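Source file: work-v8.txt (compact mmCIF, C-alpha atoms)
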# COMPACT_ATOMS: atom_id res chain seq x y z
CA MET P 23 59.54 58.49 168.52
CA THR P 24 56.08 59.65 167.47
CA PRO P 25 55.44 61.18 164.01
CA GLY P 26 54.90 64.58 165.64
CA GLU P 27 58.24 64.41 167.44
CA LEU P 28 59.96 63.29 164.25
CA TRP P 29 58.47 66.22 162.34
CA SER P 30 59.47 68.65 165.08
CA LYS P 31 63.02 67.31 165.00
CA LEU P 32 63.11 67.80 161.23
CA ARG P 33 61.98 71.42 161.58
CA ASN P 34 64.60 72.11 164.23
CA SER P 35 67.33 70.50 162.13
CA VAL P 36 66.86 73.17 159.45
CA GLY P 37 66.77 75.99 161.98
CA ILE P 38 63.02 76.47 162.21
CA THR P 39 61.27 76.71 165.55
CA SER P 40 57.80 77.82 166.46
CA SER P 41 59.18 80.96 168.15
CA THR P 42 61.44 82.09 165.31
CA PRO P 43 59.96 80.91 162.02
CA ASP P 44 61.86 81.55 158.81
CA TYR P 45 59.24 82.54 156.26
CA ASN P 46 61.65 81.83 153.41
CA ILE P 47 61.57 78.11 154.24
CA TYR P 48 58.40 76.07 154.15
CA ILE P 49 58.24 72.69 155.83
CA LEU P 50 55.18 70.69 154.86
CA SER P 51 53.10 69.31 157.68
CA PRO P 52 52.33 65.57 157.55
CA LEU P 53 48.77 66.35 156.46
CA GLU P 54 49.94 68.69 153.69
CA PHE P 55 52.51 66.16 152.53
CA LEU P 56 49.85 63.45 152.37
CA GLN P 57 47.40 65.79 150.63
CA TRP P 58 49.78 66.78 147.84
CA THR P 59 51.04 63.22 147.45
CA VAL P 60 47.48 62.05 146.82
CA ILE P 61 46.93 64.92 144.39
CA GLY P 62 50.14 63.96 142.56
CA ILE P 63 48.98 60.35 142.22
CA ILE P 64 45.57 61.49 140.96
CA LEU P 65 47.18 63.77 138.37
CA ASP P 66 49.47 60.94 137.29
CA ALA P 67 46.46 58.66 136.82
CA LEU P 68 44.54 61.39 134.98
CA PHE P 69 47.33 62.12 132.50
CA SER P 70 48.16 58.44 131.99
CA TYR P 71 44.56 57.49 131.31
CA THR P 72 43.55 60.54 129.29
CA PHE P 73 46.49 60.61 126.90
CA TYR P 74 47.67 56.99 126.80
CA LYS P 75 45.34 54.66 128.75
CA SER P 76 48.47 52.97 130.01
CA ILE P 77 49.05 51.47 133.45
CA VAL P 78 52.73 51.06 132.59
CA LEU P 79 53.08 54.80 132.00
CA PHE P 80 51.25 55.46 135.26
CA LEU P 81 53.82 53.38 137.13
CA VAL P 82 56.71 55.02 135.26
CA LEU P 83 55.49 58.52 136.13
CA LEU P 84 54.59 57.63 139.72
CA PRO P 85 57.99 58.64 141.19
CA PHE P 86 57.63 62.07 139.57
CA ALA P 87 54.10 62.39 140.95
CA LEU P 88 55.45 61.74 144.43
CA LEU P 89 57.72 64.78 144.02
CA LEU P 90 54.72 67.12 143.77
CA PRO P 91 54.69 67.96 147.52
CA PHE P 92 58.28 69.21 147.28
CA TYR P 93 57.48 71.24 144.17
CA GLN P 94 54.41 72.73 145.84
CA ARG P 95 56.43 74.08 148.76
CA LYS P 96 57.39 77.17 146.75
CA ALA P 97 53.76 78.09 146.09
CA LEU P 98 52.78 77.45 149.71
CA CYS P 99 55.70 79.56 150.91
CA ALA P 100 54.64 82.44 148.65
CA ALA P 101 51.04 82.17 149.88
CA ARG P 102 52.19 82.30 153.50
CA LYS P 103 54.29 85.38 152.77
CA GLN P 104 51.29 87.04 151.16
CA ARG P 105 49.18 86.38 154.25
CA LEU P 106 51.94 87.80 156.42
CA LEU P 107 52.10 90.92 154.24
CA LEU P 108 48.35 91.51 154.52
CA GLU P 109 48.52 91.06 158.28
CA PHE P 110 51.48 93.43 158.43
CA LYS P 111 49.51 96.09 156.57
CA GLU P 112 46.83 96.06 159.26
CA ALA P 113 49.49 96.01 161.97
CA LEU P 114 51.11 99.12 160.50
CA SER P 115 47.83 101.00 160.64
CA ILE P 116 47.26 100.05 164.28
CA LEU P 117 50.86 100.75 165.27
CA SER P 118 50.81 104.18 163.63
CA SER P 119 47.61 105.13 165.42
CA PHE P 120 49.10 104.26 168.82
CA LEU P 121 52.34 106.09 168.09
CA SER P 122 50.38 109.14 166.97
CA ALA P 123 48.42 108.98 170.23
CA GLY P 124 51.65 109.44 172.17
CA TYR P 125 52.45 105.84 173.07
CA SER P 126 56.08 104.87 173.45
CA THR P 127 57.48 102.31 171.03
CA GLU P 128 57.21 99.43 173.49
CA ASN P 129 53.71 100.38 174.61
CA ALA P 130 52.58 100.84 171.00
CA PHE P 131 53.67 97.31 170.09
CA ARG P 132 52.15 95.98 173.31
CA ALA P 133 48.83 97.77 172.78
CA ALA P 134 48.64 96.63 169.17
CA ILE P 135 48.57 92.94 170.10
CA PRO P 136 44.97 92.83 171.46
CA GLU P 137 43.77 94.77 168.42
CA LEU P 138 45.48 92.33 166.09
CA LYS P 139 43.97 89.38 167.95
CA GLN P 140 40.53 90.84 167.27
CA LEU P 141 41.30 91.28 163.58
CA PHE P 142 42.95 87.91 163.12
CA GLN P 143 43.49 85.03 165.53
CA SER P 144 45.67 84.69 168.59
CA HIS P 145 48.04 82.42 166.66
CA ALA P 146 48.22 84.65 163.57
CA MET P 147 51.73 85.23 162.27
CA ILE P 148 51.79 88.97 162.92
CA VAL P 149 50.43 88.49 166.45
CA LEU P 150 53.20 86.03 167.27
CA GLU P 151 55.80 88.37 165.77
CA PHE P 152 54.57 91.36 167.78
CA GLN P 153 54.55 89.23 170.92
CA LYS P 154 58.13 88.21 170.21
CA ILE P 155 59.12 91.87 169.77
CA VAL P 156 57.44 92.85 173.05
CA GLN P 157 59.09 89.96 174.87
CA GLY P 158 62.45 90.98 173.45
CA MET P 159 62.01 94.59 174.56
CA THR P 160 61.03 93.35 178.03
CA LEU P 161 64.42 91.60 178.12
CA ASN P 162 66.09 94.92 177.17
CA LYS P 163 66.84 93.86 173.61
CA PRO P 164 67.00 96.81 171.19
CA VAL P 165 63.82 97.14 169.17
CA GLU P 166 65.99 97.81 166.13
CA ASP P 167 67.52 94.33 166.39
CA LEU P 168 64.13 92.73 166.90
CA LEU P 169 62.65 94.44 163.85
CA SER P 170 65.72 93.62 161.76
CA ASP P 171 65.40 89.98 162.73
CA PHE P 172 61.71 89.97 161.78
CA ALA P 173 62.42 91.68 158.46
CA TYR P 174 65.22 89.24 157.64
CA ARG P 175 63.09 86.20 158.41
CA SER P 176 60.08 87.54 156.53
CA GLY P 177 61.93 87.94 153.24
CA LEU P 178 59.50 90.73 152.28
CA ASP P 179 60.71 94.06 150.91
CA ASP P 180 57.91 96.06 152.53
CA ILE P 181 58.72 94.79 156.02
CA THR P 182 62.43 95.31 155.38
CA ASN P 183 61.81 98.90 154.24
CA PHE P 184 59.75 99.62 157.34
CA ALA P 185 62.43 98.18 159.60
CA GLU P 186 65.13 100.26 157.91
CA VAL P 187 63.09 103.47 158.20
CA PHE P 188 62.28 102.71 161.82
CA ILE P 189 65.93 102.05 162.68
CA VAL P 190 67.19 105.23 160.99
CA ALA P 191 64.45 107.38 162.52
CA LYS P 192 64.99 106.01 166.03
CA ARG P 193 68.77 106.31 165.93
CA ASN P 194 68.80 109.81 164.48
CA GLY P 195 65.98 111.06 166.68
CA GLY P 196 63.78 113.82 165.36
CA GLN P 197 60.15 113.42 164.34
CA LEU P 198 59.94 109.66 164.88
CA VAL P 199 56.15 109.51 164.89
CA GLN P 200 55.75 111.65 161.78
CA ILE P 201 58.42 109.74 159.87
CA LEU P 202 56.95 106.36 160.79
CA SER P 203 53.40 107.48 160.04
CA HIS P 204 54.41 108.77 156.62
CA SER P 205 56.43 105.65 155.82
CA SER P 206 53.64 103.40 157.06
CA GLU P 207 51.13 105.21 154.86
CA ILE P 208 53.33 104.75 151.79
CA ILE P 209 53.83 101.05 152.51
CA ARG P 210 50.11 100.53 153.17
CA GLU P 211 49.20 102.22 149.89
CA LYS P 212 51.66 100.02 148.03
CA ILE P 213 50.22 96.87 149.60
CA GLN P 214 46.70 98.11 148.83
CA VAL P 215 47.61 98.49 145.15
CA GLN P 216 49.00 94.96 145.16
CA GLU P 217 45.75 93.67 146.63
CA GLU P 218 43.70 95.46 143.97
CA ILE P 219 45.82 93.98 141.19
CA ARG P 220 45.43 90.49 142.63
CA THR P 221 41.69 91.01 142.95
CA LEU P 222 41.42 92.07 139.31
CA ASN P 223 43.53 89.08 138.36
CA ALA P 224 41.43 86.60 140.35
CA ASN P 225 38.76 86.21 137.66
CA ARG P 226 41.40 85.51 135.03
CA ARG P 227 42.95 82.86 137.25
CA TYR P 228 39.58 81.19 137.66
CA GLU P 229 39.07 81.21 133.89
CA GLN P 230 42.56 79.76 133.47
CA LYS P 231 41.74 76.84 135.77
CA ILE P 232 38.54 76.13 133.84
CA MET P 233 40.41 76.20 130.52
CA ASN P 234 43.03 73.82 131.93
CA LEU P 235 40.31 71.26 132.64
CA ILE P 236 38.51 71.47 129.30
CA PRO P 237 40.86 69.12 127.32
CA PHE P 238 40.49 66.43 129.99
CA LEU P 239 36.73 66.84 130.15
CA ILE P 240 36.37 66.55 126.37
CA ILE P 241 38.56 63.44 126.08
CA LEU P 242 37.02 61.75 129.12
CA TYR P 243 33.53 62.50 127.86
CA MET P 244 34.29 60.99 124.46
CA ASN P 245 35.95 57.95 126.04
CA PHE P 246 32.93 57.19 128.21
CA SER P 247 30.20 58.15 125.75
CA SER P 248 31.85 56.59 122.66
CA PRO P 249 34.51 54.14 123.89
CA GLY P 250 35.79 53.27 120.42
CA PHE P 251 35.94 56.80 119.04
CA PHE P 252 39.51 57.52 120.19
CA LEU P 253 40.66 53.90 120.06
CA VAL P 254 42.98 54.55 117.14
CA LEU P 255 44.81 57.17 119.19
CA TYR P 256 45.63 54.67 121.93
CA GLU P 257 46.43 51.51 119.98
CA THR P 258 48.44 52.67 116.96
CA PHE P 259 51.92 54.13 116.78
CA LEU P 260 50.77 57.22 114.90
CA GLY P 261 47.97 57.69 117.41
CA ARG P 262 50.36 57.60 120.36
CA VAL P 263 52.63 60.09 118.61
CA THR P 264 49.63 62.36 118.07
CA MET P 265 48.64 62.14 121.74
CA THR P 266 52.23 62.82 122.77
CA VAL P 267 52.28 65.96 120.63
CA CYS P 268 48.95 67.02 122.16
CA LEU P 269 50.35 66.44 125.64
CA ILE P 270 53.42 68.55 124.88
CA LEU P 271 51.26 71.34 123.49
CA TYR P 272 49.00 71.18 126.54
CA LEU P 273 51.91 71.32 128.99
CA THR P 274 53.44 74.21 127.03
CA ALA P 275 50.15 76.12 127.15
CA LEU P 276 49.88 75.36 130.87
CA TYR P 277 53.38 76.71 131.49
CA LEU P 278 52.79 79.86 129.44
CA SER P 279 49.48 80.58 131.14
CA GLU P 280 51.12 80.28 134.55
CA ARG P 281 53.89 82.65 133.51
CA ILE P 282 51.37 85.16 132.19
CA MET P 283 49.16 85.03 135.27
CA ASN P 284 52.04 85.25 137.76
CA ILE P 285 52.45 89.00 137.59
CA GLU P 286 55.38 90.33 139.58
CA ILE P 287 54.11 93.26 141.63
Translate the structure of the given file into structure tokens.
Amino acid sequence: MTPGELWSKLRNSVGITSSTPDYNIYILSPLEFLQWTVIGIILDALFSYTFYKSIVLFLVLLPFALLLPFYQRKALCAARKQRLLLEFKEALSILSSFLSAGYSTENAFRAAIPELKQLFQSHAMIVLEFQKIVQGMTLNKPVEDLLSDFAYRSGLDDITNFAEVFIVAKRNGGQLVQILSHSSEIIREKIQVQEEIRTLNANRRYEQKIMNLIPFLIILYMNFSSPGFFLVLYETFLGRVTMTVCLILYLTALYLSERIMNIEI
């Protein structure tokens, strides 16, 4: 069995296929797994050298460093959901325009696909989802069920809200186009506000990353420019205690900065 087949079998074993992805579950690709494993080892070496200059500590912490890819899955999953949400915002605008032009529901979804391919790529998440919806409607599956399935797998409130409004409006009849257009506009405005907040927060995140590196840069600079300057911190008991306290304070500051920057929108 090739590595690709093994990875595909693993994805299928947890209920994930290329046609029906669950956006709440993120399976690392072999390349991503290797990438974050290497990053974990580098971070382990950086912390071990900077704070203790100890190969023994590097080996002790190595198993924890190898867990970094699994820890990173949550962040990668959130980033994928954010990309899906941004794609969905554009899809809503296109879908509303076709519905307002008098297209039926099926034709509106079908006509939106080429437009989305121009905006994104043919394998973009929203393109694949719209294609799945169109294929389902071709097989006489209710569009309500298809949208509900998409909303459930996305795990995003905005998509869920749209699906619920669409289902209620279609089942109850009435001004379907007006209701969907109004709901789509509200959802798009909400997503736009979220984008603006993230844009304003981007500079602060960049500053945070720079500040996170400064302690390492200072210690590494002193170690290379004046090798004996910090020697007492690495070879005496009191020095190791001091470096341990510094490490705890640094990790605490790192945790607090992440909590502050991760604004729930």
Put the listed atoms of segment 60-66 of chain P in a box along x, y and z with 5 Å added on every side and give me the centre and edge lengths in Å to one decimal, as lines of an AutoDock Vina configuration file.
center_x = 47.9
center_y = 62.6
center_z = 142.1
size_x = 14.6
size_y = 14.6
size_z = 19.5
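Of the residues under consideration (P:Cys268, P:Arg175, P:Ser206, P:Ser279), P:Ser206 shows the shortest atom-to-atom contact distance to Val187 of chain P when counting only C-alpha atoms.
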Please determine, counting all atoms listed in the file, which residue among P:Ile236, P:Leu253, P:Leu108, P:Ile209 has the shortest atom-to-atom distance to Tyr272 of chain P.
P:Ile236
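Atom to atom, atom CA of Ser176 of chain P and atom CA of Lys154 of chain P stand 13.8 Å apart.
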Find the spatial neighbours of Leu79 of chain P, counting only C-alpha atoms, within a cut-off of 9 Å - ignore same-chain residues fewer than 6 positions away - and output them as an NGL selection string.
:P and (66 or 70-71)
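With atom CA of Tyr256 of chain P on one side and atom CA of Lys75 of chain P on the other, the separation reads 6.8 Å.
Computed from the coordinates, the atom CA of Glu218 of chain P to atom CA of Lys111 of chain P distance equals 13.9 Å.
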Applying 10 Å and only C-alpha atoms, which residues near Phe86 of chain P remain after dropping the ones on its own chain fewer than 3 positions away? List them as a list in words.
Gly62, Ile63, Asp66, Leu81, Val82, Leu83, Leu89 and Leu90 of chain P
Do a neighbour search on Met283 of chain P at 9 Å with only C-alpha atoms, toss out local chain neighbours closer than 2 positions, and write the hits as a PDB file with C-alpha atoms, in the frame of the given file.
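Output contents, as saved in out-v7.pdb:
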ATOM      1  CA  ASN P 223      43.530  89.080 138.360  1.00  0.00           C
ATOM      2  CA  ARG P 226      41.400  85.510 135.030  1.00  0.00           C
ATOM      3  CA  ARG P 227      42.950  82.860 137.250  1.00  0.00           C
ATOM      4  CA  GLN P 230      42.560  79.760 133.470  1.00  0.00           C
ATOM      5  CA  LEU P 278      52.790  79.860 129.440  1.00  0.00           C
ATOM      6  CA  SER P 279      49.480  80.580 131.140  1.00  0.00           C
ATOM      7  CA  GLU P 280      51.120  80.280 134.550  1.00  0.00           C
ATOM      8  CA  ARG P 281      53.890  82.650 133.510  1.00  0.00           C
ATOM      9  CA  ILE P 285      52.450  89.000 137.590  1.00  0.00           C
TER      10      ILE P 285
END
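The shortest atom-to-atom distance to Ile232 of chain P, with all atoms listed in the file taken into account, belongs to P:Leu276 out of P:Leu276, P:Leu150, P:Arg220, P:Val190.
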Long-range neighbours of Leu114 of chain P as number ranges by chain, 12 Å cut-off, all atoms listed in the file, 3 positions minimum in chain
P: 107-111, 117-122, 130-131, 134-135, 137-138, 148, 152, 180-181, 184-185, 188, 202-211, 213
Output C-alpha atoms for every residue in the selection just made, as a PDB file, in the coordinates of the input.
ATOM      1  CA  LEU P 107      52.100  90.920 154.240  1.00  0.00           C
ATOM      2  CA  LEU P 108      48.350  91.510 154.520  1.00  0.00           C
ATOM      3  CA  GLU P 109      48.520  91.060 158.280  1.00  0.00           C
ATOM      4  CA  PHE P 110      51.480  93.430 158.430  1.00  0.00           C
ATOM      5  CA  LYS P 111      49.510  96.090 156.570  1.00  0.00           C
ATOM      6  CA  LEU P 117      50.860 100.750 165.270  1.00  0.00           C
ATOM      7  CA  SER P 118      50.810 104.180 163.630  1.00  0.00           C
ATOM      8  CA  SER P 119      47.610 105.130 165.420  1.00  0.00           C
ATOM      9  CA  PHE P 120      49.100 104.260 168.820  1.00  0.00           C
ATOM     10  CA  LEU P 121      52.340 106.090 168.090  1.00  0.00           C
ATOM     11  CA  SER P 122      50.380 109.140 166.970  1.00  0.00           C
ATOM     12  CA  ALA P 130      52.580 100.840 171.000  1.00  0.00           C
ATOM     13  CA  PHE P 131      53.670  97.310 170.090  1.00  0.00           C
ATOM     14  CA  ALA P 134      48.640  96.630 169.170  1.00  0.00           C
ATOM     15  CA  ILE P 135      48.570  92.940 170.100  1.00  0.00           C
ATOM     16  CA  GLU P 137      43.770  94.770 168.420  1.00  0.00           C
ATOM     17  CA  LEU P 138      45.480  92.330 166.090  1.00  0.00           C
ATOM     18  CA  ILE P 148      51.790  88.970 162.920  1.00  0.00           C
ATOM     19  CA  PHE P 152      54.570  91.360 167.780  1.00  0.00           C
ATOM     20  CA  ASP P 180      57.910  96.060 152.530  1.00  0.00           C
ATOM     21  CA  ILE P 181      58.720  94.790 156.020  1.00  0.00           C
ATOM     22  CA  PHE P 184      59.750  99.620 157.340  1.00  0.00           C
ATOM     23  CA  ALA P 185      62.430  98.180 159.600  1.00  0.00           C
ATOM     24  CA  PHE P 188      62.280 102.710 161.820  1.00  0.00           C
ATOM     25  CA  LEU P 202      56.950 106.360 160.790  1.00  0.00           C
ATOM     26  CA  SER P 203      53.400 107.480 160.040  1.00  0.00           C
ATOM     27  CA  HIS P 204      54.410 108.770 156.620  1.00  0.00           C
ATOM     28  CA  SER P 205      56.430 105.650 155.820  1.00  0.00           C
ATOM     29  CA  SER P 206      53.640 103.400 157.060  1.00  0.00           C
ATOM     30  CA  GLU P 207      51.130 105.210 154.860  1.00  0.00           C
ATOM     31  CA  ILE P 208      53.330 104.750 151.790  1.00  0.00           C
ATOM     32  CA  ILE P 209      53.830 101.050 152.510  1.00  0.00           C
ATOM     33  CA  ARG P 210      50.110 100.530 153.170  1.00  0.00           C
ATOM     34  CA  GLU P 211      49.200 102.220 149.890  1.00  0.00           C
ATOM     35  CA  ILE P 213      50.220  96.870 149.600  1.00  0.00           C
TER      36      ILE P 213
END
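If you count only C-alpha atoms and ignore residues fewer than 4 places along the chain from Trp58 of chain P, what sits within 10 Å of it is Leu50, Leu53, Glu54, Gly62, Ile63, Ile64, Ala87, Leu88, Leu89, Leu90, Pro91, Phe92, Tyr93, Gln94 and Arg95 of chain P.
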Take the residues just selected and output them with C-alpha atoms as an mmCIF file, in the coordinates of the input.
data_model
loop_
_atom_site.group_PDB
_atom_site.id
_atom_site.type_symbol
_atom_site.label_atom_id
_atom_site.label_comp_id
_atom_site.auth_asym_id
_atom_site.auth_seq_id
_atom_site.Cartn_x
_atom_site.Cartn_y
_atom_site.Cartn_z
ATOM 1 C CA LEU P 50 55.180 70.690 154.860
ATOM 2 C CA LEU P 53 48.770 66.350 156.460
ATOM 3 C CA GLU P 54 49.940 68.690 153.690
ATOM 4 C CA GLY P 62 50.140 63.960 142.560
ATOM 5 C CA ILE P 63 48.980 60.350 142.220
ATOM 6 C CA ILE P 64 45.570 61.490 140.960
ATOM 7 C CA ALA P 87 54.100 62.390 140.950
ATOM 8 C CA LEU P 88 55.450 61.740 144.430
ATOM 9 C CA LEU P 89 57.720 64.780 144.020
ATOM 10 C CA LEU P 90 54.720 67.120 143.770
ATOM 11 C CA PRO P 91 54.690 67.960 147.520
ATOM 12 C CA PHE P 92 58.280 69.210 147.280
ATOM 13 C CA TYR P 93 57.480 71.240 144.170
ATOM 14 C CA GLN P 94 54.410 72.730 145.840
ATOM 15 C CA ARG P 95 56.430 74.080 148.760
#
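Among the candidates P:Pro249, P:Gln140, P:Leu106, P:Ala275, the one nearest to Ala173 of chain P when counting all atoms listed in the file is P:Leu106.
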